[in-house]
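Dumped data28.txt below, it's compact mmCIF, C-alpha atoms:
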```
# COMPACT_ATOMS: atom_id res chain seq x y z
CA MET A 1 137.38 -1.14 125.84
CA SER A 2 135.79 -2.04 129.17
CA LEU A 3 138.29 -3.14 131.81
CA THR A 4 138.26 -6.80 132.82
CA PHE A 5 138.79 -7.95 136.39
CA HIS A 6 139.70 -11.43 137.55
CA TRP A 7 139.94 -12.79 141.09
CA PHE A 8 142.01 -15.61 142.61
CA LEU A 9 141.21 -19.04 144.03
CA PRO A 10 143.62 -19.73 146.92
CA THR A 11 144.21 -23.43 146.32
CA ASN A 12 147.15 -23.16 148.74
CA GLY A 13 144.78 -22.21 151.60
CA ASP A 14 143.44 -18.90 152.83
CA SER A 15 143.72 -16.81 155.96
CA ARG A 16 143.30 -13.38 157.54
CA HIS A 17 147.09 -13.31 157.26
CA VAL A 18 149.22 -13.54 154.13
CA VAL A 19 149.66 -17.15 152.98
CA GLY A 20 153.21 -17.45 151.73
CA GLY A 21 154.58 -19.93 149.20
CA GLY A 22 155.40 -20.24 145.54
CA HIS A 23 158.59 -20.24 143.49
CA GLY A 24 160.03 -23.18 145.34
CA THR A 25 158.93 -22.06 148.82
CA PRO A 26 156.23 -24.00 150.70
CA ALA A 27 152.91 -22.54 151.76
CA THR A 28 153.09 -21.04 155.24
CA ALA A 29 151.16 -22.39 158.20
CA SER A 30 148.51 -19.68 157.80
CA GLY A 31 147.31 -21.57 154.73
CA ARG A 32 145.74 -24.08 157.12
CA ASP A 33 143.48 -21.41 158.65
CA ARG A 34 140.99 -21.94 155.83
CA PRO A 35 141.82 -25.15 153.96
CA PRO A 36 141.24 -25.04 150.17
CA THR A 37 138.19 -27.28 150.17
CA VAL A 38 135.87 -27.37 147.20
CA ALA A 39 133.16 -25.91 149.43
CA TYR A 40 135.24 -22.88 150.46
CA LEU A 41 136.69 -22.26 147.00
CA SER A 42 133.17 -22.48 145.57
CA GLN A 43 132.06 -19.85 148.07
CA ILE A 44 134.77 -17.52 146.76
CA ALA A 45 133.88 -18.35 143.15
CA ARG A 46 130.20 -17.56 143.67
CA ALA A 47 131.05 -14.27 145.37
CA ALA A 48 133.41 -13.29 142.53
CA GLU A 49 130.76 -14.21 140.00
CA GLN A 50 128.08 -12.12 141.68
CA LEU A 51 130.39 -9.12 142.08
CA GLY A 52 131.32 -9.06 138.40
CA PHE A 53 134.74 -10.66 138.13
CA ALA A 54 135.21 -12.37 134.78
CA ALA A 55 137.46 -15.26 135.85
CA ALA A 56 139.48 -16.65 138.74
CA LEU A 57 143.16 -17.56 138.53
CA THR A 58 144.47 -20.73 140.15
CA PRO A 59 148.20 -21.23 140.83
CA THR A 60 150.31 -24.26 139.98
CA GLY A 61 153.10 -26.02 141.83
CA ALA A 62 153.87 -28.39 144.67
CA TRP A 63 152.69 -25.82 147.22
CA CYS A 64 149.00 -25.88 146.17
CA GLU A 65 146.23 -28.18 144.95
CA ASP A 66 146.20 -29.20 141.29
CA ALA A 67 144.55 -26.47 139.24
CA TRP A 68 142.87 -28.65 136.59
CA LEU A 69 141.12 -30.96 139.05
CA THR A 70 140.14 -28.24 141.50
CA THR A 71 138.63 -25.88 138.94
CA ALA A 72 136.77 -28.72 137.24
CA MET A 73 135.02 -29.40 140.55
CA VAL A 74 134.44 -25.75 141.47
CA SER A 75 133.02 -25.06 138.02
CA GLN A 76 130.08 -27.30 138.87
CA ASN A 77 129.18 -24.95 141.73
CA SER A 78 129.25 -21.77 139.68
CA GLU A 79 127.49 -20.56 136.54
CA ARG A 80 129.34 -17.84 134.62
CA LEU A 81 132.77 -17.41 136.19
CA LYS A 82 135.66 -18.55 134.01
CA PHE A 83 138.77 -20.26 135.35
CA LEU A 84 142.26 -19.09 134.48
CA VAL A 85 143.99 -22.43 134.99
CA ALA A 86 147.74 -22.32 135.45
CA PHE A 87 149.62 -25.31 134.10
CA ARG A 88 153.14 -26.32 133.12
CA PRO A 89 153.73 -27.61 129.60
CA GLY A 90 156.47 -30.00 130.72
CA SER A 91 154.04 -32.04 132.81
CA VAL A 92 151.71 -33.27 130.08
CA SER A 93 151.82 -33.99 126.35
CA PRO A 94 150.54 -31.19 124.07
CA THR A 95 147.94 -33.46 122.48
CA LEU A 96 146.55 -34.49 125.86
CA ALA A 97 146.56 -30.88 127.07
CA ALA A 98 144.64 -29.78 123.97
CA GLN A 99 142.14 -32.59 124.56
CA MET A 100 141.78 -31.71 128.27
CA ALA A 101 141.08 -28.09 127.38
CA SER A 102 138.50 -29.15 124.81
CA THR A 103 136.77 -31.38 127.36
CA PHE A 104 136.82 -28.63 129.98
CA GLN A 105 135.14 -26.22 127.56
CA ARG A 106 132.30 -28.64 126.81
CA GLN A 107 131.72 -29.69 130.41
CA SER A 108 131.91 -26.15 131.84
CA GLY A 109 130.09 -24.25 129.12
CA GLY A 110 133.19 -22.63 127.65
CA ARG A 111 134.67 -21.28 130.89
CA LEU A 112 138.35 -22.17 130.53
CA LEU A 113 141.27 -19.76 130.13
CA LEU A 114 144.86 -21.02 130.24
CA ASN A 115 147.77 -19.47 132.11
CA VAL A 116 150.84 -21.17 130.66
CA VAL A 117 153.63 -21.33 133.26
CA THR A 118 156.95 -22.53 131.90
CA GLY A 119 158.44 -22.95 135.38
CA GLY A 120 161.20 -20.75 136.75
CA GLU A 121 162.72 -23.06 139.35
CA SER A 122 164.81 -25.99 138.12
CA HIS A 123 164.83 -27.77 141.48
CA GLU A 124 161.03 -27.81 141.56
CA GLN A 125 160.83 -28.90 137.91
CA ARG A 126 163.15 -31.83 138.65
CA ALA A 127 160.76 -33.02 141.32
CA TYR A 128 158.24 -33.46 138.50
CA GLY A 129 160.73 -35.29 136.29
CA ASP A 130 161.71 -32.27 134.18
CA PHE A 131 165.48 -31.82 133.91
CA LEU A 132 165.71 -29.13 131.23
CA ASP A 133 167.33 -25.80 132.05
CA LYS A 134 165.31 -22.58 132.01
CA ASP A 135 165.98 -21.45 128.42
CA ALA A 136 165.33 -24.97 127.13
CA ARG A 137 162.02 -25.04 128.99
CA TYR A 138 160.94 -21.90 127.15
CA ARG A 139 161.91 -23.39 123.78
CA ARG A 140 159.89 -26.48 124.66
CA THR A 141 156.94 -24.26 125.61
CA GLY A 142 157.08 -22.72 122.15
CA GLU A 143 156.91 -26.17 120.54
CA PHE A 144 154.11 -27.15 122.92
CA LEU A 145 151.96 -24.12 122.07
CA HIS A 146 152.66 -24.53 118.36
CA ILE A 147 151.17 -28.04 118.49
CA VAL A 148 148.25 -27.08 120.72
CA ARG A 149 147.32 -24.12 118.52
CA GLN A 150 147.30 -26.32 115.42
CA LEU A 151 145.06 -28.88 117.12
CA TRP A 152 142.63 -26.22 118.33
CA ASP A 153 142.46 -24.90 114.77
CA GLY A 154 141.26 -28.33 113.65
CA LYS A 155 144.49 -29.20 111.89
CA SER A 156 146.52 -32.37 112.03
CA ALA A 157 149.80 -31.74 113.86
CA ASP A 158 153.13 -33.28 112.97
CA LEU A 159 156.32 -32.09 114.63
CA ASP A 160 159.76 -33.55 115.11
CA GLY A 161 161.14 -30.79 117.28
CA GLU A 162 164.04 -30.25 119.62
CA PHE A 163 161.98 -31.51 122.55
CA LEU A 164 158.58 -32.71 121.35
CA ARG A 165 157.57 -35.19 118.70
CA VAL A 166 154.03 -35.95 117.54
CA GLU A 167 152.74 -37.68 114.45
CA ASP A 168 149.29 -37.27 112.92
CA ALA A 169 147.91 -35.70 116.11
CA LYS A 170 144.34 -34.42 115.89
CA LEU A 171 141.30 -33.75 118.03
CA SER A 172 138.01 -35.49 117.41
CA ARG A 173 136.13 -32.58 119.03
CA LEU A 174 137.38 -29.01 119.02
CA PRO A 175 137.07 -26.62 121.99
CA ASP A 176 134.33 -24.03 121.66
CA PRO A 177 135.42 -21.39 122.25
CA VAL A 178 139.16 -21.87 121.88
CA PRO A 179 140.68 -21.01 125.29
CA GLU A 180 142.67 -17.79 125.40
CA VAL A 181 146.31 -18.18 126.41
CA TYR A 182 147.72 -15.97 129.16
CA PHE A 183 151.49 -15.88 129.49
CA GLY A 184 154.04 -14.04 131.62
CA GLY A 185 157.79 -13.83 131.90
CA SER A 186 160.50 -11.19 132.00
CA SER A 187 163.41 -12.97 130.31
CA PRO A 188 164.25 -12.67 126.59
CA ALA A 189 163.25 -16.31 126.09
CA ALA A 190 159.86 -15.65 127.68
CA GLY A 191 159.26 -12.59 125.53
CA GLU A 192 159.75 -14.54 122.32
CA VAL A 193 157.20 -17.19 123.33
CA ALA A 194 154.67 -14.59 124.46
CA ALA A 195 155.02 -12.63 121.23
CA LYS A 196 154.32 -15.69 119.07
CA TYR A 197 151.64 -17.55 121.01
CA ALA A 198 149.98 -15.55 123.81
CA ASP A 199 146.66 -13.74 123.66
CA VAL A 200 147.29 -11.83 126.89
CA TYR A 201 150.70 -10.95 128.33
CA LEU A 202 150.68 -10.81 132.13
CA THR A 203 153.10 -8.83 134.28
CA TRP A 204 153.42 -8.74 138.03
CA GLY A 205 152.62 -5.46 139.74
CA GLU A 206 155.71 -3.37 139.21
CA PRO A 207 155.65 0.45 139.34
CA PRO A 208 154.03 2.03 136.25
CA ALA A 209 157.30 3.09 134.60
CA GLN A 210 158.60 -0.48 134.70
CA VAL A 211 155.28 -1.87 133.46
CA ALA A 212 155.33 0.59 130.56
CA GLY A 213 158.77 -0.68 129.56
CA LYS A 214 157.58 -4.29 129.53
CA ILE A 215 154.52 -3.44 127.45
CA ALA A 216 156.65 -1.63 124.87
CA TRP A 217 159.05 -4.59 124.77
CA ILE A 218 156.33 -7.19 124.17
CA ARG A 219 154.45 -5.01 121.68
CA ALA A 220 157.58 -4.66 119.58
CA LEU A 221 158.28 -8.39 119.66
CA ALA A 222 154.69 -9.24 118.75
CA ALA A 223 154.73 -6.75 115.86
CA GLU A 224 157.67 -8.64 114.37
CA HIS A 225 155.32 -11.62 114.07
CA GLY A 226 152.40 -9.55 112.80
CA ARG A 227 150.49 -9.97 116.05
CA THR A 228 148.90 -7.75 118.69
CA LEU A 229 148.38 -8.79 122.28
CA ARG A 230 146.30 -7.59 125.21
CA PHE A 231 148.01 -6.83 128.51
CA GLY A 232 147.15 -7.72 132.08
CA ILE A 233 148.65 -7.19 135.52
CA ARG A 234 148.69 -9.39 138.64
CA LEU A 235 148.21 -7.53 141.94
CA HIS A 236 146.88 -7.93 145.46
CA VAL A 237 144.46 -5.32 146.77
CA ILE A 238 143.66 -3.75 150.14
CA THR A 239 140.90 -1.22 149.57
CA ARG A 240 138.75 0.43 152.22
CA ASP A 241 136.38 3.37 152.67
CA THR A 242 139.31 5.55 153.75
CA ALA A 243 143.05 5.45 153.09
CA ALA A 244 143.74 5.28 156.83
CA GLU A 245 141.69 2.10 157.16
CA ALA A 246 143.46 0.49 154.19
CA TRP A 247 146.96 1.27 155.47
CA ALA A 248 145.98 0.07 158.94
CA GLU A 249 145.11 -3.28 157.37
CA ALA A 250 148.44 -3.37 155.52
CA ASP A 251 150.21 -2.66 158.80
CA ARG A 252 148.26 -5.46 160.50
CA LEU A 253 149.38 -7.91 157.83
CA LEU A 254 152.98 -6.70 158.14
CA ASP A 255 152.89 -7.11 161.92
CA GLY A 256 151.98 -10.75 161.36
CA PHE A 257 155.17 -11.50 159.41
CA ASP A 258 157.46 -13.55 161.64
CA PRO A 259 161.05 -12.28 161.13
CA GLU A 260 162.44 -15.79 160.83
CA THR A 261 159.84 -16.67 158.19
CA VAL A 262 160.75 -13.54 156.24
CA ARG A 263 164.46 -14.44 156.36
CA ALA A 264 163.79 -18.02 155.26
CA VAL A 265 161.47 -17.01 152.42
CA GLN A 266 163.83 -14.32 151.16
CA ALA A 267 166.76 -16.74 151.22
CA GLY A 268 164.76 -19.22 149.18
CA LEU A 269 163.53 -16.66 146.68
CA ALA A 270 167.03 -15.22 146.25
CA ARG A 271 167.95 -18.53 144.58
CA SER A 272 165.10 -18.22 142.09
CA GLU A 273 166.00 -18.46 138.40
CA SER A 274 162.95 -16.35 137.51
CA GLU A 275 163.86 -12.89 136.25
CA GLY A 276 160.40 -11.69 137.22
CA GLN A 277 160.93 -12.97 140.76
CA GLN A 278 164.24 -11.15 141.02
CA ARG A 279 162.50 -7.95 139.87
CA MET A 280 159.94 -8.46 142.65
CA LEU A 281 162.69 -8.92 145.26
CA ALA A 282 164.44 -5.75 144.11
CA LEU A 283 161.34 -3.71 144.96
CA HIS A 284 161.78 -4.24 148.72
CA GLY A 285 165.27 -5.72 149.18
CA GLY A 286 164.01 -7.90 152.03
CA SER A 287 163.45 -4.82 154.22
CA ARG A 288 160.31 -3.76 156.04
CA GLU A 289 161.18 -0.11 155.42
CA SER A 290 159.94 2.08 152.53
CA LEU A 291 157.49 -0.51 151.22
CA GLU A 292 155.29 2.03 149.40
CA ILE A 293 157.28 1.98 146.16
CA HIS A 294 154.81 4.14 144.18
CA PRO A 295 151.71 5.95 145.42
CA ASN A 296 149.35 3.24 146.75
CA LEU A 297 151.66 0.42 145.56
CA TRP A 298 152.90 -1.63 148.53
CA ALA A 299 155.64 -4.27 148.25
CA GLY A 300 155.03 -5.87 151.65
CA ILE A 301 153.36 -9.04 150.35
CA GLY A 302 156.60 -10.05 148.64
CA LEU A 303 158.39 -10.38 151.98
CA VAL A 304 156.69 -13.73 152.62
CA ARG A 305 155.28 -14.79 149.25
CA GLY A 306 156.83 -15.79 145.95
CA GLY A 307 155.41 -14.56 142.67
CA ALA A 308 153.10 -11.54 142.78
CA GLY A 309 154.38 -9.50 145.73
CA THR A 310 152.74 -6.08 145.49
CA ALA A 311 149.35 -4.72 146.50
CA LEU A 312 147.28 -1.66 145.68
CA VAL A 313 146.53 -0.08 149.06
CA GLY A 314 144.25 2.89 149.65
CA SER A 315 140.75 4.23 149.64
CA HIS A 316 138.37 3.00 146.96
CA ASP A 317 138.91 6.24 145.04
CA GLU A 318 142.70 5.97 145.28
CA VAL A 319 142.74 2.36 144.12
CA ALA A 320 140.46 3.27 141.21
CA GLU A 321 142.89 6.03 140.24
CA ARG A 322 145.85 3.64 140.27
CA ILE A 323 143.91 1.23 138.07
CA LYS A 324 143.28 4.08 135.65
CA GLU A 325 146.99 4.89 135.71
CA TYR A 326 147.89 1.35 134.67
CA HIS A 327 145.10 1.32 132.11
CA ALA A 328 146.56 4.44 130.49
CA LEU A 329 149.73 2.44 129.87
CA GLY A 330 147.83 -0.29 128.02
CA ILE A 331 146.70 -2.64 130.82
CA ASP A 332 143.14 -3.87 130.18
CA GLU A 333 142.95 -6.90 132.51
CA PHE A 334 143.58 -6.98 136.25
CA VAL A 335 144.13 -10.29 138.09
CA LEU A 336 143.58 -9.47 141.75
CA SER A 337 143.60 -11.14 145.15
CA GLY A 338 143.53 -10.28 148.85
CA TYR A 339 143.57 -11.86 152.30
CA PRO A 340 141.18 -13.37 153.03
CA HIS A 341 139.96 -13.83 149.48
CA LEU A 342 136.27 -14.02 150.30
CA GLU A 343 136.07 -10.78 152.25
CA GLU A 344 138.49 -8.84 150.05
CA ALA A 345 136.48 -9.73 146.95
CA TYR A 346 133.56 -7.84 148.49
CA TRP A 347 135.68 -4.85 149.55
CA PHE A 348 136.90 -4.43 145.97
CA GLY A 349 133.70 -5.48 144.22
CA GLU A 350 131.45 -3.20 146.23
CA GLY A 351 133.96 -0.36 146.71
CA VAL A 352 136.03 0.04 143.54
CA LEU A 353 134.06 -1.54 140.70
CA PRO A 354 131.04 0.81 141.08
CA ARG A 355 133.37 3.81 140.83
CA LEU A 356 134.88 2.49 137.60
CA ALA A 357 131.41 1.67 136.28
CA ALA A 358 130.25 5.23 136.99
CA GLN A 359 133.14 6.50 134.84
CA GLY A 360 132.27 4.16 131.97
CA LEU A 361 135.41 2.06 132.43
CA TRP A 362 133.76 -1.19 133.52
CA THR A 363 130.50 -3.04 133.00
CA HIS A 364 129.24 -6.11 134.83
CA PRO A 365 129.67 -9.27 132.68
CA ASP A 366 126.07 -10.29 133.34
CA ASP A 367 123.70 -8.44 131.03
CA GLY A 368 121.31 -6.36 133.06
CA ALA A 369 123.12 -7.02 136.34
CA SER A 370 122.76 -4.25 138.85
CA VAL A 371 125.97 -2.65 140.07
CA PRO A 372 125.85 -1.36 143.66
CA SER A 373 126.29 2.36 144.05
CA ALA A 374 129.70 3.50 145.21
CA GLN A 375 129.69 3.89 148.96
CA VAL A 376 130.90 7.33 150.04
CA PRO A 377 132.41 7.52 153.57
CA PHE A 378 130.24 9.42 156.04
CA THR A 379 131.59 12.78 157.09
CA SER A 380 130.13 15.13 159.62
```

What do you get writing this file as C-alpha cells?
Amino acid sequence: MSLTFHWFLPTNGDSRHVVGGGHGTPATASGRDRPPTVAYLSQIARAAEQLGFAAALTPTGAWCEDAWLTTAMVSQNSERLKFLVAFRPGSVSPTLAAQMASTFQRQSGGRLLLNVVTGGESHEQRAYGDFLDKDARYRRTGEFLHIVRQLWDGKSADLDGEFLRVEDAKLSRLPDPVPEVYFGGSSPAAGEVAAKYADVYLTWGEPPAQVAGKIAWIRALAAEHGRTLRFGIRLHVITRDTAAEAWAEADRLLDGFDPETVRAVQAGLARSESEGQQRMLALHGGSRESLEIHPNLWAGIGLVRGGAGTALVGSHDEVAERIKEYHALGIDEFVLSGYPHLEEAYWFGEGVLPRLAAQGLWTHPDDGASVPSAQVPFTS
C-alpha cells in the first residue's frame, strides 16, 4: 500500500515560531504573526495540493477558527486536496452533522474527511454547553456515530439512547463518497468507540514501541467487532538537506520559548483529562533537557503546545527512515505540520516525498504528476 501524507491548516494562526494552544490553553501571541485568513490558508492548501499531500487537517476548539466554515471557504480555492475536518459530536445533532457532511461532499467534489474529537477537557466542553463527564462523552460519541453511519447508508435512523434520541431520521441526498472517519484517543472508552466506528485510528507521535502497543490494542478491539482499521500518526516535521541544519532549526524554535509561557502552558496541560495529552507530557516532563526521545523524534513542541507535541527532526534521508520505521509497525497515513506551514510543506514535499517515491513507498495523488528528484546535498 502506498503511504498517504496529509498536511495541516493552521486555523489558529501561523508563525516562524511555534504557535501554542489547544487542550484548554489559548493560542500564543505568535499566532498573530500570520493570521489565519482564507487567503493565507488557501495558499497553504494549494502548496500542499501541488506537492502531493492528500488532505489537510484542521483543529477544533475555542483557540482556533471553526473548521467547517473555514474549510468550506478554502475548498473553493483548491481543486483536489481533501479536508480532514475536526468536529465535536456534542456540538451538533447527528442528523444535522450527517446532512452537513453530505452537503460538503457535493459542493466540494467529495473532498471531506471527518476527524471526530470527543473532547478531553470538561471545562472547555462546558463553555459550549456540554456538561457530560469524559466517559459519558465517549458513550455519546458512540451513539452519534451509530446514527450518522445509518443515515449515510441510506437507512432510516431511530434511537432512544442514553444521550441521543431521534425518530425517523433520514437524508434526502446521500454523501458521495461517504466520508471516512478518523478517530483518536488513548483511554479504554476511546478504544471501544474507535474499534466500532472508525475507519482510521490516529495516534500522536509517541516513540515506536509505544505506537506499536496502541496499534495492537486497537487491532484486537476491532477484531472483536469483525472489523479492520487503518492507522495514522500525527507529527510535526523539521527536515533539511543535512541533519545539522534541521537540529539548528529545532534549537532556534526552542530558543524562542519564553520560560514563563512554558510554565503556564505546562500547568494548564497538567490539568488535562486527556490520557493522550498526559502521555505527551510524560515524554518531556516539562524540561528542556533530553528532548530527543527516540532517534530523530523531538518532544520540544509539546513544551508550548497541547495535543501533538513531537516532531521528526533530521536530514531528508533520516526523516524518510523514521517514516519507514513507523510504517513497519502498521502506520499508513501521516498527518504532518511544521512552522511556518507554508515553507515547511515545501521542505518535506520536495525533500522527503521524492525519496519515498524512489523506493516505491509513495505516489503522487495526481495521475501523471511529476515528482521532483530528491535533492542530494553538495559535497566537495

Exercise. Contacts of range 110-127 of chain A at 6 Å or less, counting all atoms listed in the file, minus same-chain residues fewer than 6 places along, as a count of residues only?
Worked result: 15

Contacts between range 56-65 of chain A and range 220-318 of chain A, please, where a residue of range 220-318 of chain A counts if it comes within 12 Å (with all atoms listed in the file); show its shortest atom pair and distance in Å to one decimal, rows by chain and ascending number, as a tab-separated table.
```
residue	atom	partner	partner_atom	distance
A:Arg234	CA	A:Leu57	CA	9.9
A:Leu235	CA	A:Leu57	CA	11.7
A:Arg305	CA	A:Trp63	CA	11.5
A:Gly306	CA	A:Trp63	CA	10.9
A:Gly307	CA	A:Pro59	CA	10.0
A:Ala308	CA	A:Pro59	CA	11.0
```

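Distance check against Ala209 in chain A using all atoms listed in the file: of A:Ala328, A:Leu171, A:Leu96, A:Leu312, the minimum falls on A:Ala328.
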
For this session: May I have the residues within 12 Å of Val319 in chain A as number ranges by chain, using all atoms listed in the file and disregarding those fewer than 4 positions away in the same chain?
Result: A: 235-243, 246, 295-298, 311-315, 323-326, 347-349, 351-353, 355-356

Determine, for each residue of range 101-159 of chain A having at least one atom at most 9 Å from an atom of range 70-75 of chain A, the closest pair of atoms and their separation in Å to one decimal, counting only C-alpha atoms; order by chain and ascending number, as a tab-separated table.
```
residue	atom	partner	partner_atom	distance
A:Phe104	CA	A:Ala72	CA	7.3
A:Gln107	CA	A:Ala72	CA	8.5
A:Ser108	CA	A:Ser75	CA	6.4
A:Arg111	CA	A:Ser75	CA	8.2
```

For the residues in that selection, give me C-alpha atoms as a PDB file, in the frame of the given file.
```
ATOM      1  CA  PHE A 104     136.820 -28.630 129.980  1.00  0.00           C
ATOM      2  CA  GLN A 107     131.720 -29.690 130.410  1.00  0.00           C
ATOM      3  CA  SER A 108     131.910 -26.150 131.840  1.00  0.00           C
ATOM      4  CA  ARG A 111     134.670 -21.280 130.890  1.00  0.00           C
TER       5      ARG A 111
END
```

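Going from CA of Val304 in chain A to CA of Ile233 in chain A covers 20.0 Å.
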
Residues at most 10 Å from Leu229 in chain A, counting all atoms listed in the file, excluding those fewer than 4 positions away in the same chain, as a PDB file with C-alpha atoms, keeping the file's coordinate frame?
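Written output follows (part36.pdb):
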```
ATOM      1  CA  TYR A 182     147.720 -15.970 129.160  1.00  0.00           C
ATOM      2  CA  ALA A 194     154.670 -14.590 124.460  1.00  0.00           C
ATOM      3  CA  ALA A 195     155.020 -12.630 121.230  1.00  0.00           C
ATOM      4  CA  LYS A 196     154.320 -15.690 119.070  1.00  0.00           C
ATOM      5  CA  TYR A 197     151.640 -17.550 121.010  1.00  0.00           C
ATOM      6  CA  ALA A 198     149.980 -15.550 123.810  1.00  0.00           C
ATOM      7  CA  ASP A 199     146.660 -13.740 123.660  1.00  0.00           C
ATOM      8  CA  VAL A 200     147.290 -11.830 126.890  1.00  0.00           C
ATOM      9  CA  TYR A 201     150.700 -10.950 128.330  1.00  0.00           C
ATOM     10  CA  ILE A 215     154.520  -3.440 127.450  1.00  0.00           C
ATOM     11  CA  ILE A 218     156.330  -7.190 124.170  1.00  0.00           C
ATOM     12  CA  ARG A 219     154.450  -5.010 121.680  1.00  0.00           C
ATOM     13  CA  ALA A 222     154.690  -9.240 118.750  1.00  0.00           C
ATOM     14  CA  ALA A 223     154.730  -6.750 115.860  1.00  0.00           C
TER      15      ALA A 223
END
```

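Across A:Trp152, A:Tyr339, A:Phe144, A:Trp204, the tightest approach to Val19 in chain A is made by A:Tyr339 when counting all atoms listed in the file.
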
N, CA and C atoms of range 50-68 of chain A from block above, as a PDB file, in the first residue's frame:
```pdb
ATOM      1  N   GLN A  50      -0.219  20.764  -4.616  1.00  0.00           N
ATOM      2  CA  GLN A  50       0.787  20.624  -5.669  1.00  0.00           C
ATOM      3  C   GLN A  50       1.885  19.641  -5.268  1.00  0.00           C
ATOM      4  N   LEU A  51       2.236  19.631  -3.979  1.00  0.00           N
ATOM      5  CA  LEU A  51       3.323  18.784  -3.507  1.00  0.00           C
ATOM      6  C   LEU A  51       2.928  17.317  -3.390  1.00  0.00           C
ATOM      7  N   GLY A  52       1.634  17.048  -3.286  1.00  0.00           N
ATOM      8  CA  GLY A  52       1.189  15.656  -3.250  1.00  0.00           C
ATOM      9  C   GLY A  52       0.565  15.201  -1.951  1.00  0.00           C
ATOM     10  N   PHE A  53       0.287  16.135  -1.040  1.00  0.00           N
ATOM     11  CA  PHE A  53      -0.447  15.763   0.162  1.00  0.00           C
ATOM     12  C   PHE A  53      -1.889  15.433  -0.217  1.00  0.00           C
ATOM     13  N   ALA A  54      -2.464  14.454   0.480  1.00  0.00           N
ATOM     14  CA  ALA A  54      -3.817  14.010   0.137  1.00  0.00           C
ATOM     15  C   ALA A  54      -4.887  14.887   0.758  1.00  0.00           C
ATOM     16  N   ALA A  55      -4.657  15.363   1.985  1.00  0.00           N
ATOM     17  CA  ALA A  55      -5.662  16.137   2.706  1.00  0.00           C
ATOM     18  C   ALA A  55      -4.967  17.082   3.666  1.00  0.00           C
ATOM     19  N   ALA A  56      -5.747  17.961   4.273  1.00  0.00           N
ATOM     20  CA  ALA A  56      -5.226  18.875   5.291  1.00  0.00           C
ATOM     21  C   ALA A  56      -6.144  18.821   6.506  1.00  0.00           C
ATOM     22  N   LEU A  57      -5.541  18.610   7.667  1.00  0.00           N
ATOM     23  CA  LEU A  57      -6.285  18.573   8.926  1.00  0.00           C
ATOM     24  C   LEU A  57      -6.531  19.988   9.429  1.00  0.00           C
ATOM     25  N   THR A  58      -7.706  20.220   9.986  1.00  0.00           N
ATOM     26  CA  THR A  58      -7.988  21.463  10.690  1.00  0.00           C
ATOM     27  C   THR A  58      -8.361  21.125  12.126  1.00  0.00           C
ATOM     28  N   PRO A  59      -7.877  21.907  13.100  1.00  0.00           N
ATOM     29  CA  PRO A  59      -8.198  21.631  14.502  1.00  0.00           C
ATOM     30  C   PRO A  59      -9.592  22.138  14.870  1.00  0.00           C
ATOM     31  N   THR A  60      -9.998  21.840  16.097  1.00  0.00           N
ATOM     32  CA  THR A  60     -11.272  22.331  16.607  1.00  0.00           C
ATOM     33  C   THR A  60     -11.085  22.815  18.025  1.00  0.00           C
ATOM     34  N   GLY A  61     -11.863  23.809  18.433  1.00  0.00           N
ATOM     35  CA  GLY A  61     -11.776  24.327  19.787  1.00  0.00           C
ATOM     36  C   GLY A  61     -11.908  25.827  19.812  1.00  0.00           C
ATOM     37  N   ALA A  62     -11.942  26.381  21.017  1.00  0.00           N
ATOM     38  CA  ALA A  62     -12.101  27.821  21.183  1.00  0.00           C
ATOM     39  C   ALA A  62     -10.861  28.591  20.774  1.00  0.00           C
ATOM     40  N   TRP A  63      -9.742  27.907  20.605  1.00  0.00           N
ATOM     41  CA  TRP A  63      -8.468  28.573  20.319  1.00  0.00           C
ATOM     42  C   TRP A  63      -8.225  28.794  18.825  1.00  0.00           C
ATOM     43  N   CYS A  64      -9.141  28.343  17.961  1.00  0.00           N
ATOM     44  CA  CYS A  64      -8.926  28.431  16.517  1.00  0.00           C
ATOM     45  C   CYS A  64     -10.237  28.774  15.817  1.00  0.00           C
ATOM     46  N   GLU A  65     -10.148  29.017  14.518  1.00  0.00           N
ATOM     47  CA  GLU A  65     -11.347  29.287  13.724  1.00  0.00           C
ATOM     48  C   GLU A  65     -12.164  28.001  13.563  1.00  0.00           C
ATOM     49  N   ASP A  66     -13.447  28.148  13.306  1.00  0.00           N
ATOM     50  CA  ASP A  66     -14.304  26.980  13.104  1.00  0.00           C
ATOM     51  C   ASP A  66     -13.861  26.205  11.864  1.00  0.00           C
ATOM     52  N   ALA A  67     -13.732  24.893  12.033  1.00  0.00           N
ATOM     53  CA  ALA A  67     -13.185  24.062  10.957  1.00  0.00           C
ATOM     54  C   ALA A  67     -14.143  23.910   9.777  1.00  0.00           C
ATOM     55  N   TRP A  68     -15.434  23.706  10.058  1.00  0.00           N
ATOM     56  CA  TRP A  68     -16.402  23.514   8.972  1.00  0.00           C
ATOM     57  C   TRP A  68     -16.432  24.738   8.050  1.00  0.00           C
TER      58      TRP A  68
END
```
